[in-house]
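**Student:** Hey, dropping upload-v3.pdb in here, PDB, C-alpha atoms, pLDDT in the B column:
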MODEL        1
ATOM      1  CA  MET W   1     -33.804 -14.096  -6.851  1.00 85.00           C
ATOM      2  CA  ASN W   2     -30.771 -15.251  -8.836  1.00 94.00           C
ATOM      3  CA  VAL W   3     -28.570 -12.286  -9.709  1.00 97.00           C
ATOM      4  CA  ILE W   4     -26.146 -14.424 -11.739  1.00 98.00           C
ATOM      5  CA  GLU W   5     -26.983 -17.698 -13.426  1.00 97.00           C
ATOM      6  CA  THR W   6     -24.650 -19.497 -15.817  1.00 97.00           C
ATOM      7  CA  LYS W   7     -25.315 -22.806 -17.522  1.00 97.00           C
ATOM      8  CA  ASN W   8     -22.502 -24.764 -19.173  1.00 97.00           C
ATOM      9  CA  LEU W   9     -20.437 -21.599 -19.582  1.00 97.00           C
ATOM     10  CA  THR W  10     -17.421 -22.547 -21.676  1.00 97.00           C
ATOM     11  CA  LYS W  11     -14.418 -20.601 -22.952  1.00 97.00           C
ATOM     12  CA  VAL W  12     -11.266 -22.536 -23.824  1.00 95.00           C
ATOM     13  CA  TYR W  13      -8.100 -20.821 -25.044  1.00 94.00           C
ATOM     14  CA  LYS W  14      -5.445 -22.205 -27.389  1.00 92.00           C
ATOM     15  CA  ASN W  15      -3.330 -23.299 -24.413  1.00 91.00           C
ATOM     16  CA  ASN W  16      -6.304 -25.477 -23.342  1.00 91.00           C
ATOM     17  CA  ARG W  17      -6.937 -23.316 -20.268  1.00 93.00           C
ATOM     18  CA  GLY W  18     -10.108 -21.397 -19.551  1.00 96.00           C
ATOM     19  CA  ALA W  19     -13.475 -22.593 -18.261  1.00 97.00           C
ATOM     20  CA  ARG W  20     -15.517 -25.675 -19.133  1.00 97.00           C
ATOM     21  CA  ASN W  21     -19.228 -26.245 -18.502  1.00 97.00           C
ATOM     22  CA  VAL W  22     -19.426 -23.907 -15.530  1.00 97.00           C
ATOM     23  CA  SER W  23     -22.935 -23.759 -14.053  1.00 97.00           C
ATOM     24  CA  LEU W  24     -23.036 -21.230 -11.248  1.00 97.00           C
ATOM     25  CA  THR W  25     -25.799 -19.460  -9.349  1.00 97.00           C
ATOM     26  CA  VAL W  26     -25.328 -16.319  -7.255  1.00 98.00           C
ATOM     27  CA  GLU W  27     -28.379 -15.239  -5.276  1.00 97.00           C
ATOM     28  CA  LYS W  28     -29.299 -11.689  -4.350  1.00 97.00           C
ATOM     29  CA  GLY W  29     -27.374 -10.552  -1.270  1.00 97.00           C
ATOM     30  CA  ASP W  30     -24.668 -13.199  -1.602  1.00 97.00           C
ATOM     31  CA  ILE W  31     -20.973 -12.591  -1.280  1.00 98.00           C
ATOM     32  CA  MET W  32     -19.921 -15.505  -3.458  1.00 98.00           C
ATOM     33  CA  GLY W  33     -16.280 -16.478  -3.429  1.00 97.00           C
ATOM     34  CA  LEU W  34     -14.764 -18.118  -6.491  1.00 97.00           C
ATOM     35  CA  LEU W  35     -11.820 -20.028  -5.012  1.00 97.00           C
ATOM     36  CA  GLY W  36      -9.053 -21.686  -6.981  1.00 96.00           C
ATOM     37  CA  PRO W  37      -5.361 -21.590  -7.872  1.00 94.00           C
ATOM     38  CA  ASN W  38      -3.967 -19.279 -10.518  1.00 91.00           C
ATOM     39  CA  GLY W  39      -4.909 -20.554 -13.952  1.00 92.00           C
ATOM     40  CA  SER W  40      -7.937 -22.482 -12.737  1.00 95.00           C
ATOM     41  CA  GLY W  41     -10.409 -20.432 -14.806  1.00 95.00           C
ATOM     42  CA  LYS W  42     -11.715 -17.882 -12.288  1.00 96.00           C
ATOM     43  CA  THR W  43     -10.907 -14.797 -14.359  1.00 95.00           C
ATOM     44  CA  THR W  44     -12.235 -16.430 -17.511  1.00 97.00           C
ATOM     45  CA  VAL W  45     -15.593 -17.048 -15.825  1.00 97.00           C
ATOM     46  CA  MET W  46     -15.772 -13.428 -14.693  1.00 97.00           C
ATOM     47  CA  LYS W  47     -14.813 -12.076 -18.117  1.00 96.00           C
ATOM     48  CA  ALA W  48     -17.461 -14.269 -19.748  1.00 96.00           C
ATOM     49  CA  ILE W  49     -20.102 -13.061 -17.288  1.00 96.00           C
ATOM     50  CA  LEU W  50     -19.175  -9.472 -18.214  1.00 95.00           C
ATOM     51  CA  ASN W  51     -19.104 -10.309 -21.944  1.00 95.00           C
ATOM     52  CA  LEU W  52     -15.427  -9.361 -22.151  1.00 94.00           C
ATOM     53  CA  VAL W  53     -14.677 -12.641 -23.948  1.00 95.00           C
ATOM     54  CA  HIS W  54     -16.826 -14.670 -26.285  1.00 94.00           C
ATOM     55  CA  SER W  55     -18.093 -17.828 -24.610  1.00 95.00           C
ATOM     56  CA  GLU W  56     -20.506 -20.675 -25.149  1.00 96.00           C
ATOM     57  CA  GLY W  57     -23.363 -21.602 -22.855  1.00 96.00           C
ATOM     58  CA  LYS W  58     -25.957 -19.409 -21.182  1.00 96.00           C
ATOM     59  CA  VAL W  59     -25.461 -16.379 -18.946  1.00 97.00           C
ATOM     60  CA  LYS W  60     -28.303 -14.556 -17.227  1.00 97.00           C
ATOM     61  CA  ILE W  61     -27.889 -11.569 -14.917  1.00 97.00           C
ATOM     62  CA  PHE W  62     -30.861 -10.115 -13.031  1.00 97.00           C
ATOM     63  CA  GLY W  63     -32.915 -12.675 -14.964  1.00 96.00           C
ATOM     64  CA  MET W  64     -31.944 -11.094 -18.293  1.00 97.00           C
ATOM     65  CA  ASP W  65     -29.974 -12.620 -21.152  1.00 95.00           C
ATOM     66  CA  LEU W  66     -26.434 -11.240 -21.209  1.00 95.00           C
ATOM     67  CA  HIS W  67     -26.406 -10.568 -24.944  1.00 92.00           C
ATOM     68  CA  GLU W  68     -29.983  -9.388 -25.427  1.00 94.00           C
ATOM     69  CA  ASP W  69     -29.986  -6.972 -22.468  1.00 95.00           C
ATOM     70  CA  PHE W  70     -26.291  -6.157 -22.128  1.00 94.00           C
ATOM     71  CA  GLU W  71     -26.678  -2.392 -21.612  1.00 91.00           C
ATOM     72  CA  LYS W  72     -29.416  -2.796 -18.983  1.00 93.00           C
ATOM     73  CA  ILE W  73     -27.317  -5.350 -17.128  1.00 95.00           C
ATOM     74  CA  MET W  74     -24.140  -3.267 -17.185  1.00 91.00           C
ATOM     75  CA  SER W  75     -25.986  -0.206 -15.881  1.00 89.00           C
ATOM     76  CA  ARG W  76     -26.616  -2.199 -12.692  1.00 93.00           C
ATOM     77  CA  THR W  77     -23.184  -3.873 -12.517  1.00 94.00           C
ATOM     78  CA  GLY W  78     -19.739  -2.758 -11.380  1.00 91.00           C
ATOM     79  CA  ALA W  79     -16.512  -4.665 -11.924  1.00 92.00           C
ATOM     80  CA  LEU W  80     -12.803  -4.672 -11.258  1.00 90.00           C
ATOM     81  CA  ILE W  81     -11.012  -7.227 -13.433  1.00 89.00           C
ATOM     82  CA  GLU W  82      -7.242  -7.490 -13.233  1.00 77.00           C
ATOM     83  CA  ALA W  83      -5.497  -4.084 -12.949  1.00 71.00           C
ATOM     84  CA  PRO W  84      -7.844  -1.111 -12.387  1.00 74.00           C
ATOM     85  CA  ALA W  85      -8.164   1.372 -15.271  1.00 80.00           C
ATOM     86  CA  ILE W  86      -6.473   4.335 -13.599  1.00 89.00           C
ATOM     87  CA  TYR W  87      -4.885   7.401 -15.200  1.00 92.00           C
ATOM     88  CA  LYS W  88      -1.739   8.184 -13.234  1.00 92.00           C
ATOM     89  CA  ASP W  89      -1.594  11.875 -14.195  1.00 94.00           C
ATOM     90  CA  MET W  90      -5.141  12.479 -12.951  1.00 96.00           C
ATOM     91  CA  THR W  91      -6.231  12.932  -9.351  1.00 96.00           C
ATOM     92  CA  ALA W  92      -8.392  10.421  -7.536  1.00 96.00           C
ATOM     93  CA  TYR W  93     -11.375  12.742  -7.949  1.00 95.00           C
ATOM     94  CA  GLN W  94     -10.718  13.208 -11.685  1.00 95.00           C
ATOM     95  CA  ASN W  95     -10.417   9.467 -12.252  1.00 94.00           C
ATOM     96  CA  VAL W  96     -13.790   8.790 -10.666  1.00 93.00           C
ATOM     97  CA  LYS W  97     -15.394  11.806 -12.344  1.00 91.00           C
ATOM     98  CA  MET W  98     -14.272  10.612 -15.771  1.00 90.00           C
ATOM     99  CA  HIS W  99     -15.981   7.247 -15.283  1.00 87.00           C
ATOM    100  CA  ALA W 100     -18.993   8.933 -13.668  1.00 85.00           C
ATOM    101  CA  ALA W 101     -19.612  10.828 -16.918  1.00 83.00           C
ATOM    102  CA  MET W 102     -21.142   7.623 -18.291  1.00 79.00           C
ATOM    103  CA  TYR W 103     -23.841   7.751 -15.614  1.00 77.00           C
ATOM    104  CA  PRO W 104     -26.048  10.878 -15.779  1.00 74.00           C
ATOM    105  CA  GLY W 105     -26.855  12.417 -12.416  1.00 75.00           C
ATOM    106  CA  THR W 106     -23.572  11.471 -10.754  1.00 79.00           C
ATOM    107  CA  ASP W 107     -22.641  14.806  -9.161  1.00 85.00           C
ATOM    108  CA  LYS W 108     -19.750  16.051  -7.036  1.00 89.00           C
ATOM    109  CA  GLU W 109     -21.464  14.963  -3.833  1.00 89.00           C
ATOM    110  CA  ARG W 110     -21.862  11.400  -5.140  1.00 88.00           C
ATOM    111  CA  ILE W 111     -18.217  11.222  -6.266  1.00 91.00           C
ATOM    112  CA  GLU W 112     -16.968  12.464  -2.902  1.00 93.00           C
ATOM    113  CA  HIS W 113     -19.230   9.974  -1.134  1.00 90.00           C
ATOM    114  CA  ILE W 114     -17.701   7.130  -3.168  1.00 89.00           C
ATOM    115  CA  LEU W 115     -14.189   8.314  -2.346  1.00 93.00           C
ATOM    116  CA  ASP W 116     -15.177   8.473   1.310  1.00 91.00           C
ATOM    117  CA  VAL W 117     -16.504   4.896   1.216  1.00 87.00           C
ATOM    118  CA  VAL W 118     -13.106   3.634   0.003  1.00 89.00           C
ATOM    119  CA  HIS W 119     -11.228   5.920   2.431  1.00 89.00           C
ATOM    120  CA  LEU W 120      -9.705   8.118  -0.284  1.00 94.00           C
ATOM    121  CA  LEU W 121     -11.541  11.390   0.305  1.00 95.00           C
ATOM    122  CA  PRO W 122      -8.537  13.011   2.073  1.00 96.00           C
ATOM    123  CA  TYR W 123      -6.473  12.228  -1.042  1.00 96.00           C
ATOM    124  CA  LYS W 124      -9.021  13.291  -3.662  1.00 95.00           C
ATOM    125  CA  ASN W 125      -6.725  15.950  -5.111  1.00 96.00           C
ATOM    126  CA  ASP W 126      -3.602  13.762  -5.147  1.00 96.00           C
ATOM    127  CA  LYS W 127      -2.444  12.258  -8.424  1.00 96.00           C
ATOM    128  CA  ALA W 128      -3.075   8.526  -8.689  1.00 94.00           C
ATOM    129  CA  GLY W 129       0.454   7.888  -9.929  1.00 93.00           C
ATOM    130  CA  LYS W 130       1.738   8.607  -6.430  1.00 92.00           C
ATOM    131  CA  PHE W 131      -0.629   6.137  -4.776  1.00 92.00           C
ATOM    132  CA  SER W 132       0.480   2.907  -3.116  1.00 88.00           C
ATOM    133  CA  LEU W 133      -0.773  -0.398  -4.529  1.00 84.00           C
ATOM    134  CA  GLY W 134      -3.484  -0.525  -1.870  1.00 85.00           C
ATOM    135  CA  MET W 135      -4.662   3.005  -2.649  1.00 89.00           C
ATOM    136  CA  LYS W 136      -4.773   2.232  -6.367  1.00 89.00           C
ATOM    137  CA  GLN W 137      -6.853  -0.856  -5.625  1.00 87.00           C
ATOM    138  CA  ARG W 138      -9.266   1.220  -3.539  1.00 89.00           C
ATOM    139  CA  LEU W 139      -9.485   3.757  -6.361  1.00 92.00           C
ATOM    140  CA  GLY W 140     -10.325   0.893  -8.702  1.00 90.00           C
ATOM    141  CA  LEU W 141     -13.102  -0.088  -6.313  1.00 88.00           C
ATOM    142  CA  ALA W 142     -14.396   3.491  -6.307  1.00 90.00           C
ATOM    143  CA  ILE W 143     -14.617   3.347 -10.099  1.00 90.00           C
ATOM    144  CA  ALA W 144     -16.476   0.033  -9.859  1.00 89.00           C
ATOM    145  CA  PHE W 145     -18.902   1.599  -7.358  1.00 87.00           C
ATOM    146  CA  VAL W 146     -19.592   4.776  -9.341  1.00 86.00           C
ATOM    147  CA  SER W 147     -22.863   3.594 -10.885  1.00 84.00           C
ATOM    148  CA  ASP W 148     -24.235   2.563  -7.462  1.00 87.00           C
ATOM    149  CA  PRO W 149     -24.432  -1.030  -8.744  1.00 92.00           C
ATOM    150  CA  GLU W 150     -26.534  -3.858  -7.395  1.00 95.00           C
ATOM    151  CA  LEU W 151     -23.897  -6.398  -8.451  1.00 97.00           C
ATOM    152  CA  ILE W 152     -20.119  -6.028  -8.143  1.00 95.00           C
ATOM    153  CA  ILE W 153     -17.629  -8.481  -9.661  1.00 96.00           C
ATOM    154  CA  LEU W 154     -14.085  -8.346  -8.272  1.00 95.00           C
ATOM    155  CA  ASP W 155     -11.156 -10.370  -9.569  1.00 94.00           C
ATOM    156  CA  GLU W 156      -8.519 -10.942  -6.846  1.00 91.00           C
ATOM    157  CA  PRO W 157      -9.287  -7.580  -5.152  1.00 89.00           C
ATOM    158  CA  VAL W 158      -6.687  -8.021  -2.366  1.00 87.00           C
ATOM    159  CA  ASN W 159      -3.913  -9.560  -4.450  1.00 81.00           C
ATOM    160  CA  GLY W 160      -0.575  -7.997  -3.529  1.00 77.00           C
ATOM    161  CA  LEU W 161      -1.916  -5.867  -0.680  1.00 82.00           C
ATOM    162  CA  ASP W 162      -0.445  -5.681   2.801  1.00 84.00           C
ATOM    163  CA  ILE W 163      -2.434  -6.765   5.858  1.00 88.00           C
ATOM    164  CA  GLU W 164      -4.013  -3.345   6.426  1.00 86.00           C
ATOM    165  CA  GLY W 165      -5.013  -3.082   2.776  1.00 83.00           C
ATOM    166  CA  VAL W 166      -6.587  -6.537   2.813  1.00 88.00           C
ATOM    167  CA  VAL W 167      -8.621  -5.709   5.912  1.00 90.00           C
ATOM    168  CA  GLU W 168      -9.772  -2.372   4.433  1.00 87.00           C
ATOM    169  CA  ILE W 169     -11.010  -3.986   1.201  1.00 87.00           C
ATOM    170  CA  ARG W 170     -12.774  -6.723   3.157  1.00 92.00           C
ATOM    171  CA  GLU W 171     -14.538  -4.175   5.377  1.00 91.00           C
ATOM    172  CA  ILE W 172     -15.658  -2.135   2.359  1.00 89.00           C
ATOM    173  CA  ILE W 173     -17.164  -5.226   0.710  1.00 92.00           C
ATOM    174  CA  LYS W 174     -18.998  -6.298   3.860  1.00 93.00           C
ATOM    175  CA  LYS W 175     -20.286  -2.794   4.534  1.00 90.00           C
ATOM    176  CA  LEU W 176     -21.773  -2.424   1.048  1.00 91.00           C
ATOM    177  CA  ASN W 177     -23.302  -5.885   1.302  1.00 94.00           C
ATOM    178  CA  GLN W 178     -24.829  -5.357   4.739  1.00 95.00           C
ATOM    179  CA  GLU W 179     -25.939  -1.733   4.388  1.00 91.00           C
ATOM    180  CA  LYS W 180     -26.977  -1.603   0.731  1.00 91.00           C
ATOM    181  CA  GLY W 181     -27.625  -5.240  -0.120  1.00 95.00           C
ATOM    182  CA  VAL W 182     -25.018  -5.280  -2.888  1.00 95.00           C
ATOM    183  CA  THR W 183     -24.352  -8.745  -4.315  1.00 98.00           C
ATOM    184  CA  PHE W 184     -20.712  -9.695  -4.869  1.00 97.00           C
ATOM    185  CA  LEU W 185     -18.851 -12.269  -6.927  1.00 98.00           C
ATOM    186  CA  ILE W 186     -15.225 -12.297  -5.766  1.00 97.00           C
ATOM    187  CA  SER W 187     -12.350 -14.449  -6.976  1.00 96.00           C
ATOM    188  CA  SER W 188      -9.315 -15.356  -4.894  1.00 94.00           C
ATOM    189  CA  HIS W 189      -6.595 -17.980  -4.692  1.00 94.00           C
ATOM    190  CA  MET W 190      -6.441 -17.403  -0.916  1.00 93.00           C
ATOM    191  CA  ALA W 191      -8.772 -19.726   0.971  1.00 96.00           C
ATOM    192  CA  SER W 192      -8.451 -17.710   4.184  1.00 94.00           C
ATOM    193  CA  GLU W 193      -9.723 -14.559   2.480  1.00 94.00           C
ATOM    194  CA  ILE W 194     -12.766 -16.334   1.061  1.00 96.00           C
ATOM    195  CA  GLU W 195     -13.422 -17.717   4.544  1.00 96.00           C
ATOM    196  CA  LYS W 196     -13.362 -14.256   6.141  1.00 96.00           C
ATOM    197  CA  THR W 197     -15.272 -12.385   3.449  1.00 96.00           C
ATOM    198  CA  CYS W 198     -17.799 -14.639   1.719  1.00 97.00           C
ATOM    199  CA  ASN W 199     -20.976 -16.417   2.779  1.00 97.00           C
ATOM    200  CA  LYS W 200     -20.761 -18.895  -0.105  1.00 98.00           C
ATOM    201  CA  VAL W 201     -17.930 -20.513  -2.029  1.00 98.00           C
ATOM    202  CA  ALA W 202     -17.506 -22.180  -5.410  1.00 98.00           C
ATOM    203  CA  VAL W 203     -14.258 -24.038  -6.118  1.00 98.00           C
ATOM    204  CA  MET W 204     -12.576 -23.835  -9.526  1.00 97.00           C
ATOM    205  CA  TYR W 205      -9.926 -26.403 -10.408  1.00 96.00           C
ATOM    206  CA  GLU W 206      -8.364 -27.119 -13.803  1.00 95.00           C
ATOM    207  CA  SER W 207     -11.006 -25.069 -15.656  1.00 96.00           C
ATOM    208  CA  GLU W 208     -13.968 -26.737 -13.958  1.00 96.00           C
ATOM    209  CA  LEU W 209     -16.277 -25.792 -11.121  1.00 97.00           C
ATOM    210  CA  ILE W 210     -15.878 -28.821  -8.867  1.00 97.00           C
ATOM    211  CA  ALA W 211     -17.741 -27.886  -5.663  1.00 96.00           C
ATOM    212  CA  ARG W 212     -20.153 -25.360  -4.139  1.00 97.00           C
ATOM    213  CA  SER W 213     -21.086 -24.754  -0.521  1.00 97.00           C
ATOM    214  CA  THR W 214     -22.104 -22.186   2.003  1.00 97.00           C
ATOM    215  CA  THR W 215     -19.142 -21.017   4.049  1.00 97.00           C
ATOM    216  CA  GLU W 216     -20.979 -22.176   7.161  1.00 97.00           C
ATOM    217  CA  ASP W 217     -21.385 -25.739   5.892  1.00 97.00           C
ATOM    218  CA  ALA W 218     -17.819 -25.906   4.587  1.00 96.00           C
ATOM    219  CA  LEU W 219     -16.463 -24.859   7.982  1.00 96.00           C
ATOM    220  CA  ARG W 220     -18.840 -27.129   9.860  1.00 95.00           C
ATOM    221  CA  LEU W 221     -17.357 -30.121   8.069  1.00 93.00           C
ATOM    222  CA  HIS W 222     -13.743 -28.919   7.813  1.00 95.00           C
ATOM    223  CA  PRO W 223     -11.369 -27.053  10.171  1.00 96.00           C
ATOM    224  CA  SER W 224     -10.797 -24.254   7.656  1.00 96.00           C
ATOM    225  CA  MET W 225     -11.614 -23.168   4.114  1.00 96.00           C
ATOM    226  CA  GLU W 226      -8.160 -24.337   3.120  1.00 96.00           C
ATOM    227  CA  ASP W 227      -9.014 -27.838   4.346  1.00 96.00           C
ATOM    228  CA  TYR W 228     -12.326 -27.695   2.484  1.00 96.00           C
ATOM    229  CA  PHE W 229     -10.532 -26.752  -0.733  1.00 96.00           C
ATOM    230  CA  LEU W 230      -7.949 -29.524  -0.353  1.00 95.00           C
ATOM    231  CA  SER W 231     -10.700 -32.029   0.420  1.00 94.00           C
ATOM    232  CA  VAL W 232     -12.760 -31.310  -2.703  1.00 95.00           C
ATOM    233  CA  VAL W 233      -9.634 -31.222  -4.892  1.00 95.00           C
ATOM    234  CA  LYS W 234      -8.552 -34.589  -3.491  1.00 93.00           C
ATOM    235  CA  GLU W 235     -12.010 -35.971  -4.250  1.00 90.00           C
ATOM    236  CA  LYS W 236     -11.818 -34.580  -7.786  1.00 87.00           C
ATOM    237  CA  ARG W 237      -8.419 -36.147  -8.337  1.00 82.00           C
ATOM    238  CA  GLY W 238      -9.809 -39.423  -7.065  1.00 80.00           C
ATOM    239  CA  GLU W 239     -12.563 -39.266  -9.699  1.00 59.00           C
ATOM    240  CA  VAL W 240      -9.981 -38.658 -12.404  1.00 49.00           C
ATOM    241  CA  ILE W 241      -7.833 -41.559 -11.209  1.00 37.00           C
ATOM    242  CA  LEU W 242     -10.826 -43.877 -11.146  1.00 41.00           C
TER     243      LEU W 242
ENDMDL
END
Could I get this file's structure written as structure tokens?
**Tutor:**
Amino acid sequence: MNVIETKNLTKVYKNNRGARNVSLTVEKGDIMGLLGPNGSGKTTVMKAILNLVHSEGKVKIFGMDLHEDFEKIMSRTGALIEAPAIYKDMTAYQNVKMHAAMYPGTDKERIEHILDVVHLLPYKNDKAGKFSLGMKQRLGLAIAFVSDPELIILDEPVNGLDIEGVVEIREIIKKLNQEKGVTFLISSHMASEIEKTCNKVAVMYESELIARSTTEDALRLHPSMEDYFLSVVKEKRGEVIL
């Protein structure tokens, strides 16, 4: 089953950046990595998939049309795009509870379970304004998880984190994928992180999706994900030159 399917997704801004004719498929159970440099169009693709920006082309999620079945789709989807929406004067528990109010049946036990998953339960009564960058990122993940989603979209989830924070986020993603079958679409400009976290990769470069592969195949043919990225970019540049 295809959880995400885009066809010729296009959103171009006045500065000529954005995304052009992106056709992407994410299957159920995938951890799909969207790899590319800053400004390559990764965030634009994610925002278009979440209907946060108007775009052209087709987007289907869970087999449903994004615009016709938006509410149904969002009830099964969690996301963390750019900076997490956190209220600094509220505790970790209060932040999650506020977002949980949109999902009937989310009780105290569920909220504490979510905080435990992201390793914040011991700090549930601490104000978010005092949190480190890594803790704020984990709180953002907790908010994305609150609806018990089948699909989670994360834009640069480890950007700016220290080594321990990066490892923690990676372990949380893999645990949810393996134990609950959650499908992920994750963007990153770090090839090594895509290599360690994702089972599939799609490369964005200059607003276009230029290559797709399983991580296994990419690493079978190249020494590292970084080498794979450089190889497909070099090939793309060769096409432009020709």
**Student:** Go through W:Ser55, W:Thr215, W:Gly134, W:Phe145 and flag the residue nearest His99 of chain W, using all atoms listed in the file for the distances.
**Tutor:**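 Smallest separation from His99 of chain W among the options: W:Phe145.
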**Student:** Please report the interatomic distance between atom CA of Glu206 of chain W and atom CA of Pro37 of chain W in Å with one decimal.
**Tutor:**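 The value is 8.6 Å.
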**Student:** Mind giving me the axis-aligned box for segment 110-118 of chain W with 4 Å on every side, centre plus edges in Å to one decimal, as AutoDock Vina command-line options?
**Tutor:**
--center_x -17.5 --center_y 8.0 --center_z -2.5 --size_x 16.8 --size_y 16.8 --size_z 15.6
**Student:** List the residues matched by the PyMOL selection byres ((chain W and resi 85) around 9) in the displayed structure as a list in words, ordered by chain and then by residue number.
**Tutor:**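 Residues picked by the PyMOL selection byres ((chain W and resi 85) around 9): Leu80, Ala83, Pro84, Ile86, Tyr87, Asn95, Gly140 and Ile143 of chain W.
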**Student:** Which of these residues is nearest to Val158 of chain W, using all atoms listed in the file: W:Ile194, W:Thr91, W:Lys42, W:Phe184?
**Tutor:**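 Checking each candidate against Val158 of chain W, we get W:Ile194 as the closest.
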**Student:** I'd like the contact shell of Asn2 of chain W - 9 Å cut-off, all atoms listed in the file, skipping same-chain residues fewer than 5 positions apart - returned as a list in words.
**Tutor:**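 Within the cut-off, the hits are Thr25, Val26, Glu27, Lys28, Lys60, Ile61, Phe62 and Gly63 of chain W.
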**Student:** Can those selected residues be exported to a file as a PDB file, keeping the file's coordinate frame so that it contains C-alpha atoms?
**Tutor:**
ATOM      1  CA  THR W  25     -25.799 -19.460  -9.349  1.00 97.00           C
ATOM      2  CA  VAL W  26     -25.328 -16.319  -7.255  1.00 98.00           C
ATOM      3  CA  GLU W  27     -28.379 -15.239  -5.276  1.00 97.00           C
ATOM      4  CA  LYS W  28     -29.299 -11.689  -4.350  1.00 97.00           C
ATOM      5  CA  LYS W  60     -28.303 -14.556 -17.227  1.00 97.00           C
ATOM      6  CA  ILE W  61     -27.889 -11.569 -14.917  1.00 97.00           C
ATOM      7  CA  PHE W  62     -30.861 -10.115 -13.031  1.00 97.00           C
ATOM      8  CA  GLY W  63     -32.915 -12.675 -14.964  1.00 96.00           C
TER       9      GLY W  63
END
**Student:** Applying the PyMOL selection byres ((chain W and resi 147) around 8) to the file I just gave you, which residues come out? Please list them as a ChimeraX atom specification.
**Tutor:** /W:75-78,100,103,106,144-146,148-149
**Student:** Taking all heavy atoms as the atom set, what does segment 80-85 of chain W look like once completed, written as a short mmCIF file (atom, residue, chain, number, x, y, z; two decimals), keeping the file's coordinate frame?
**Tutor:**
data_model
loop_
_atom_site.label_atom_id
_atom_site.label_comp_id
_atom_site.auth_asym_id
_atom_site.auth_seq_id
_atom_site.Cartn_x
_atom_site.Cartn_y
_atom_site.Cartn_z
N LEU W 80 -14.24 -4.95 -11.28
CA LEU W 80 -12.80 -4.67 -11.26
C LEU W 80 -12.11 -5.97 -11.64
O LEU W 80 -12.02 -6.90 -10.85
CB LEU W 80 -12.35 -4.20 -9.87
CG LEU W 80 -10.86 -3.92 -9.68
CD1 LEU W 80 -10.38 -2.85 -10.67
CD2 LEU W 80 -10.58 -3.48 -8.25
N ILE W 81 -11.66 -6.03 -12.90
CA ILE W 81 -11.01 -7.23 -13.43
C ILE W 81 -9.55 -6.91 -13.71
O ILE W 81 -9.24 -5.98 -14.45
CB ILE W 81 -11.70 -7.71 -14.73
CG1 ILE W 81 -13.20 -7.94 -14.49
CG2 ILE W 81 -11.03 -8.98 -15.25
CD1 ILE W 81 -13.51 -9.07 -13.54
N GLU W 82 -8.67 -7.69 -13.10
CA GLU W 82 -7.24 -7.49 -13.23
C GLU W 82 -6.87 -6.08 -12.77
O GLU W 82 -7.44 -5.58 -11.81
CB GLU W 82 -6.80 -7.80 -14.68
CG GLU W 82 -7.06 -9.28 -15.04
CD GLU W 82 -6.75 -9.63 -16.47
OE1 GLU W 82 -6.79 -8.75 -17.34
OE2 GLU W 82 -6.49 -10.82 -16.72
N ALA W 83 -5.95 -5.39 -13.43
CA ALA W 83 -5.50 -4.08 -12.95
C ALA W 83 -6.57 -3.03 -13.19
O ALA W 83 -7.19 -2.99 -14.26
CB ALA W 83 -4.21 -3.68 -13.66
N PRO W 84 -6.84 -2.16 -12.19
CA PRO W 84 -7.84 -1.11 -12.39
C PRO W 84 -7.43 -0.12 -13.46
O PRO W 84 -6.25 0.18 -13.64
CB PRO W 84 -7.91 -0.43 -11.01
CG PRO W 84 -6.63 -0.77 -10.33
CD PRO W 84 -6.23 -2.12 -10.85
N ALA W 85 -8.42 0.40 -14.20
CA ALA W 85 -8.16 1.37 -15.27
C ALA W 85 -8.00 2.76 -14.66
O ALA W 85 -8.96 3.52 -14.52
CB ALA W 85 -9.31 1.35 -16.27
#
